file protein-v4.cif (mmCIF, N, CA and C atoms)
data_coords
#
loop_
_atom_site.label_atom_id
_atom_site.label_comp_id
_atom_site.auth_asym_id
_atom_site.auth_seq_id
_atom_site.Cartn_x
_atom_site.Cartn_y
_atom_site.Cartn_z
N MET E 1213 94.56 108.45 112.63
CA MET E 1213 93.34 108.72 113.37
C MET E 1213 93.68 109.24 114.77
N LYS E 1214 94.75 108.72 115.37
CA LYS E 1214 95.12 109.17 116.71
C LYS E 1214 95.35 110.68 116.73
N VAL E 1215 96.03 111.19 115.71
CA VAL E 1215 96.31 112.62 115.66
C VAL E 1215 95.03 113.42 115.56
N VAL E 1216 94.13 112.97 114.71
CA VAL E 1216 92.87 113.69 114.51
C VAL E 1216 92.05 113.70 115.80
N LEU E 1217 92.05 112.58 116.51
CA LEU E 1217 91.22 112.46 117.70
C LEU E 1217 91.86 113.04 118.97
N TYR E 1218 93.18 112.88 119.09
CA TYR E 1218 93.80 113.23 120.37
C TYR E 1218 94.90 114.28 120.31
N ASP E 1219 95.62 114.34 119.21
CA ASP E 1219 96.79 115.22 119.12
C ASP E 1219 96.74 116.12 117.90
N ILE E 1220 95.68 116.81 117.69
CA ILE E 1220 95.50 117.62 116.49
C ILE E 1220 96.61 118.67 116.36
N GLU E 1221 97.16 119.14 117.47
CA GLU E 1221 98.21 120.15 117.41
C GLU E 1221 99.51 119.59 116.81
N LEU E 1222 99.65 118.27 116.75
CA LEU E 1222 100.84 117.64 116.17
C LEU E 1222 100.64 117.24 114.70
N SER E 1223 99.47 117.49 114.16
CA SER E 1223 99.17 117.01 112.82
C SER E 1223 100.11 117.59 111.76
N THR E 1224 100.47 118.85 111.86
CA THR E 1224 101.37 119.45 110.88
C THR E 1224 102.74 118.79 110.93
N LYS E 1225 103.24 118.54 112.12
CA LYS E 1225 104.54 117.88 112.28
C LYS E 1225 104.51 116.49 111.65
N TYR E 1226 103.46 115.72 111.92
CA TYR E 1226 103.33 114.37 111.36
C TYR E 1226 103.20 114.39 109.85
N MET E 1227 102.41 115.29 109.33
CA MET E 1227 102.23 115.36 107.88
C MET E 1227 103.51 115.79 107.17
N ASP E 1228 104.27 116.69 107.80
CA ASP E 1228 105.56 117.08 107.23
C ASP E 1228 106.51 115.89 107.16
N ALA E 1229 106.53 115.07 108.21
CA ALA E 1229 107.39 113.88 108.24
C ALA E 1229 106.96 112.87 107.19
N ILE E 1230 105.67 112.67 107.03
CA ILE E 1230 105.16 111.74 106.03
C ILE E 1230 105.51 112.24 104.63
N THR E 1231 105.35 113.53 104.40
CA THR E 1231 105.67 114.11 103.10
C THR E 1231 107.16 113.97 102.79
N GLN E 1232 108.01 114.25 103.77
CA GLN E 1232 109.44 114.12 103.57
C GLN E 1232 109.80 112.67 103.24
N GLY E 1233 109.23 111.72 103.94
CA GLY E 1233 109.48 110.31 103.67
C GLY E 1233 109.03 109.92 102.28
N TRP E 1234 107.89 110.41 101.86
CA TRP E 1234 107.36 110.11 100.52
C TRP E 1234 108.31 110.63 99.44
N ILE E 1235 108.77 111.86 99.59
CA ILE E 1235 109.68 112.46 98.62
C ILE E 1235 111.01 111.70 98.59
N MET E 1236 111.53 111.35 99.75
CA MET E 1236 112.79 110.60 99.81
C MET E 1236 112.64 109.25 99.12
N ALA E 1237 111.52 108.58 99.32
CA ALA E 1237 111.29 107.27 98.72
C ALA E 1237 111.17 107.37 97.20
N LYS E 1238 110.55 108.43 96.71
CA LYS E 1238 110.40 108.60 95.27
C LYS E 1238 111.75 108.87 94.60
N GLN E 1239 112.68 109.50 95.31
CA GLN E 1239 113.98 109.83 94.74
C GLN E 1239 114.96 108.66 94.80
N ALA E 1240 114.75 107.74 95.73
CA ALA E 1240 115.68 106.62 95.92
C ALA E 1240 115.51 105.59 94.81
N LYS E 1241 116.58 104.86 94.54
CA LYS E 1241 116.52 103.76 93.59
C LYS E 1241 115.80 102.59 94.25
N PRO E 1242 115.23 101.68 93.47
CA PRO E 1242 114.54 100.51 94.05
C PRO E 1242 115.48 99.67 94.92
N LEU E 1243 114.97 99.17 96.03
CA LEU E 1243 115.78 98.39 96.96
C LEU E 1243 115.60 96.90 96.76
N PHE E 1244 114.71 96.50 95.86
CA PHE E 1244 114.48 95.08 95.60
C PHE E 1244 115.58 94.53 94.70
N GLY E 1245 115.98 93.32 94.96
CA GLY E 1245 116.95 92.65 94.12
C GLY E 1245 118.40 92.96 94.46
N ILE E 1246 118.63 93.75 95.49
CA ILE E 1246 119.99 94.08 95.88
C ILE E 1246 120.53 92.95 96.75
N GLU E 1247 121.75 92.54 96.48
CA GLU E 1247 122.38 91.49 97.29
C GLU E 1247 123.01 92.15 98.52
N TRP E 1248 122.18 92.35 99.53
CA TRP E 1248 122.60 93.06 100.73
C TRP E 1248 123.77 92.37 101.43
N ASN E 1249 123.82 91.04 101.35
CA ASN E 1249 124.89 90.32 102.04
C ASN E 1249 126.27 90.65 101.47
N LEU E 1250 126.34 91.20 100.27
CA LEU E 1250 127.61 91.58 99.68
C LEU E 1250 128.05 93.00 100.10
N LEU E 1251 127.20 93.69 100.81
CA LEU E 1251 127.47 95.09 101.16
C LEU E 1251 127.90 95.31 102.61
N TRP E 1252 128.11 94.23 103.37
CA TRP E 1252 128.45 94.38 104.79
C TRP E 1252 129.70 95.22 105.01
N GLU E 1253 130.67 95.08 104.14
CA GLU E 1253 131.94 95.80 104.30
C GLU E 1253 131.91 97.21 103.71
N THR E 1254 130.86 97.53 102.98
CA THR E 1254 130.74 98.84 102.35
C THR E 1254 130.22 99.86 103.37
N PRO E 1255 130.88 100.99 103.49
CA PRO E 1255 130.39 102.02 104.42
C PRO E 1255 128.94 102.41 104.08
N LEU E 1256 128.16 102.63 105.12
CA LEU E 1256 126.75 102.96 104.94
C LEU E 1256 126.56 104.19 104.07
N ALA E 1257 127.40 105.18 104.23
CA ALA E 1257 127.28 106.40 103.42
C ALA E 1257 127.43 106.07 101.94
N ASP E 1258 128.32 105.15 101.61
CA ASP E 1258 128.51 104.76 100.21
C ASP E 1258 127.29 104.02 99.66
N VAL E 1259 126.71 103.16 100.48
CA VAL E 1259 125.50 102.43 100.06
C VAL E 1259 124.37 103.42 99.84
N ARG E 1260 124.19 104.34 100.77
CA ARG E 1260 123.14 105.35 100.62
C ARG E 1260 123.34 106.19 99.37
N ASN E 1261 124.57 106.60 99.13
CA ASN E 1261 124.84 107.42 97.93
C ASN E 1261 124.56 106.64 96.65
N SER E 1262 124.95 105.37 96.61
CA SER E 1262 124.75 104.59 95.39
C SER E 1262 123.26 104.34 95.10
N LEU E 1263 122.44 104.36 96.16
CA LEU E 1263 121.01 104.13 95.99
C LEU E 1263 120.19 105.43 96.02
N ASN E 1264 120.90 106.55 96.08
CA ASN E 1264 120.26 107.87 96.14
C ASN E 1264 119.32 107.99 97.34
N ILE E 1265 119.78 107.46 98.47
CA ILE E 1265 119.01 107.56 99.71
C ILE E 1265 119.56 108.75 100.50
N ILE E 1266 118.71 109.74 100.67
CA ILE E 1266 119.09 110.94 101.39
C ILE E 1266 118.76 110.74 102.86
N HIS E 1267 119.75 110.92 103.70
CA HIS E 1267 119.57 110.67 105.13
C HIS E 1267 119.54 112.03 105.85
N GLU E 1268 118.36 112.49 106.17
CA GLU E 1268 118.20 113.78 106.85
C GLU E 1268 117.35 113.60 108.08
N PHE E 1269 117.89 113.98 109.20
CA PHE E 1269 117.11 113.97 110.44
C PHE E 1269 117.38 115.23 111.22
#
call {"tool": "encode", "arguments": {"input": "protein-v4.cif", "output": "structure tokens"}}
result
Amino acid sequence: MKVVLYDIELSTKYMDAITQGWIMAKQAKPLFGIEWNLLWETPLADVRNSLNIIHEF
């Protein structure tokens, strides 16, 4: 609502970010049930790859 009321010129940027997040979430494997405490020593890139989490910024 803030974008619609105050920052309409930013709406495309926000919607693109929301869309990208939605697509990334649909491609990733489920994060429930993972024993995160066993992954502390695993490099983050390896964890992301194993869960199909694409990290783009």
call {"tool": "select_by_dssp", "arguments": {"input": "protein-v4.cif", "residues": "chain E", "states": "helix (DSSP H, G or I)", "output": "PyMOL selection string"}}
result
chain E and resi 1214-1217+1220-1239+1248-1250+1256-1262
call {"tool": "residues_around", "arguments": {"input": "protein-v4.cif", "residues": "Arg1260 (chain E)", "least_positions_apart": "4", "cutoff": "12 Å", "atoms": "only C-alpha atoms", "output": "list in words"}}
result
Met1236, Gln1239, Ala1240, Lys1241, Pro1242, Leu1243, Leu1251, Thr1254, Pro1255, Leu1256, Asn1264, Ile1265, Ile1266, His1267 and Glu1268 of chain E
call {"tool": "closest_residue", "arguments": {"input": "protein-v4.cif", "among": "E:Asp1258, E:Glu1221, E:Leu1263, E:Tyr1226", "to": "Lys1238 (chain E)", "atoms": "only C-alpha atoms"}}
result
E:Leu1263
call {"tool": "atom_distance", "arguments": {"input": "protein-v4.cif", "atom1": "atom C of Asn1249 (chain E)", "atom2": "atom C of Ser1262 (chain E)"}}
result
15.4 Å
call {"tool": "atom_distance", "arguments": {"input": "protein-v4.cif", "atom1": "atom N of Phe1244 (chain E)", "atom2": "CA of Ala1257 (chain E)"}}
result
17.7 Å
call {"tool": "build_atoms", "arguments": {"input": "protein-v4.cif", "residues": "region 1254-1265 of chain E", "atoms": "all heavy atoms", "output": "short mmCIF file (atom, residue, chain, number, x, y, z; two decimals), in the coordinates of the input"}}
result
data_model
loop_
_atom_site.label_atom_id
_atom_site.label_comp_id
_atom_site.auth_asym_id
_atom_site.auth_seq_id
_atom_site.Cartn_x
_atom_site.Cartn_y
_atom_site.Cartn_z
N THR E 1254 130.86 97.53 102.98
CA THR E 1254 130.74 98.84 102.35
C THR E 1254 130.22 99.86 103.37
O THR E 1254 129.24 99.60 104.06
CB THR E 1254 129.76 98.77 101.16
OG1 THR E 1254 130.16 97.72 100.29
CG2 THR E 1254 129.71 100.08 100.41
N PRO E 1255 130.88 100.99 103.49
CA PRO E 1255 130.39 102.02 104.42
C PRO E 1255 128.94 102.41 104.08
O PRO E 1255 128.56 102.51 102.91
CB PRO E 1255 131.33 103.20 104.19
CG PRO E 1255 132.58 102.58 103.66
CD PRO E 1255 132.12 101.41 102.83
N LEU E 1256 128.16 102.63 105.12
CA LEU E 1256 126.75 102.96 104.94
C LEU E 1256 126.56 104.19 104.07
O LEU E 1256 125.65 104.24 103.24
CB LEU E 1256 126.08 103.14 106.30
CG LEU E 1256 124.59 103.38 106.31
CD1 LEU E 1256 123.85 102.27 105.58
CD2 LEU E 1256 124.09 103.52 107.74
N ALA E 1257 127.40 105.18 104.23
CA ALA E 1257 127.28 106.40 103.42
C ALA E 1257 127.43 106.07 101.94
O ALA E 1257 126.73 106.64 101.09
CB ALA E 1257 128.33 107.43 103.85
N ASP E 1258 128.32 105.15 101.61
CA ASP E 1258 128.51 104.76 100.21
C ASP E 1258 127.29 104.02 99.66
O ASP E 1258 126.88 104.24 98.51
CB ASP E 1258 129.75 103.88 100.06
CG ASP E 1258 131.04 104.64 100.34
OD1 ASP E 1258 131.00 105.89 100.39
OD2 ASP E 1258 132.08 103.97 100.50
N VAL E 1259 126.71 103.16 100.48
CA VAL E 1259 125.50 102.43 100.06
C VAL E 1259 124.37 103.42 99.84
O VAL E 1259 123.67 103.36 98.82
CB VAL E 1259 125.09 101.36 101.11
CG1 VAL E 1259 123.77 100.73 100.74
CG2 VAL E 1259 126.18 100.31 101.25
N ARG E 1260 124.19 104.34 100.77
CA ARG E 1260 123.14 105.35 100.62
C ARG E 1260 123.34 106.19 99.37
O ARG E 1260 122.39 106.45 98.62
CB ARG E 1260 123.12 106.27 101.85
CG ARG E 1260 122.52 105.64 103.07
CD ARG E 1260 122.52 106.62 104.21
NE ARG E 1260 121.86 106.06 105.37
CZ ARG E 1260 122.22 106.31 106.61
NH1 ARG E 1260 123.22 107.12 106.86
NH2 ARG E 1260 121.57 105.76 107.61
N ASN E 1261 124.57 106.60 99.13
CA ASN E 1261 124.84 107.42 97.93
C ASN E 1261 124.56 106.64 96.65
O ASN E 1261 123.98 107.18 95.71
CB ASN E 1261 126.29 107.90 97.93
CG ASN E 1261 126.52 109.01 98.92
OD1 ASN E 1261 125.60 109.73 99.29
ND2 ASN E 1261 127.75 109.16 99.36
N SER E 1262 124.95 105.37 96.61
CA SER E 1262 124.75 104.59 95.39
C SER E 1262 123.26 104.34 95.10
O SER E 1262 122.89 104.14 93.96
CB SER E 1262 125.49 103.26 95.48
OG SER E 1262 124.90 102.41 96.43
N LEU E 1263 122.44 104.36 96.16
CA LEU E 1263 121.01 104.13 95.99
C LEU E 1263 120.19 105.43 96.02
O LEU E 1263 118.97 105.40 96.00
CB LEU E 1263 120.50 103.18 97.08
CG LEU E 1263 121.11 101.78 97.03
CD1 LEU E 1263 120.71 100.99 98.27
CD2 LEU E 1263 120.70 101.06 95.77
N ASN E 1264 120.90 106.55 96.08
CA ASN E 1264 120.26 107.87 96.14
C ASN E 1264 119.32 107.99 97.34
O ASN E 1264 118.22 108.55 97.25
CB ASN E 1264 119.52 108.18 94.84
CG ASN E 1264 119.29 109.66 94.67
OD1 ASN E 1264 120.10 110.47 95.14
ND2 ASN E 1264 118.23 110.04 94.03
N ILE E 1265 119.78 107.46 98.47
CA ILE E 1265 119.01 107.56 99.71
C ILE E 1265 119.56 108.75 100.50
O ILE E 1265 120.71 108.77 100.91
CB ILE E 1265 119.13 106.28 100.55
CG1 ILE E 1265 118.50 105.11 99.77
CG2 ILE E 1265 118.45 106.45 101.90
CD1 ILE E 1265 118.71 103.77 100.41
#
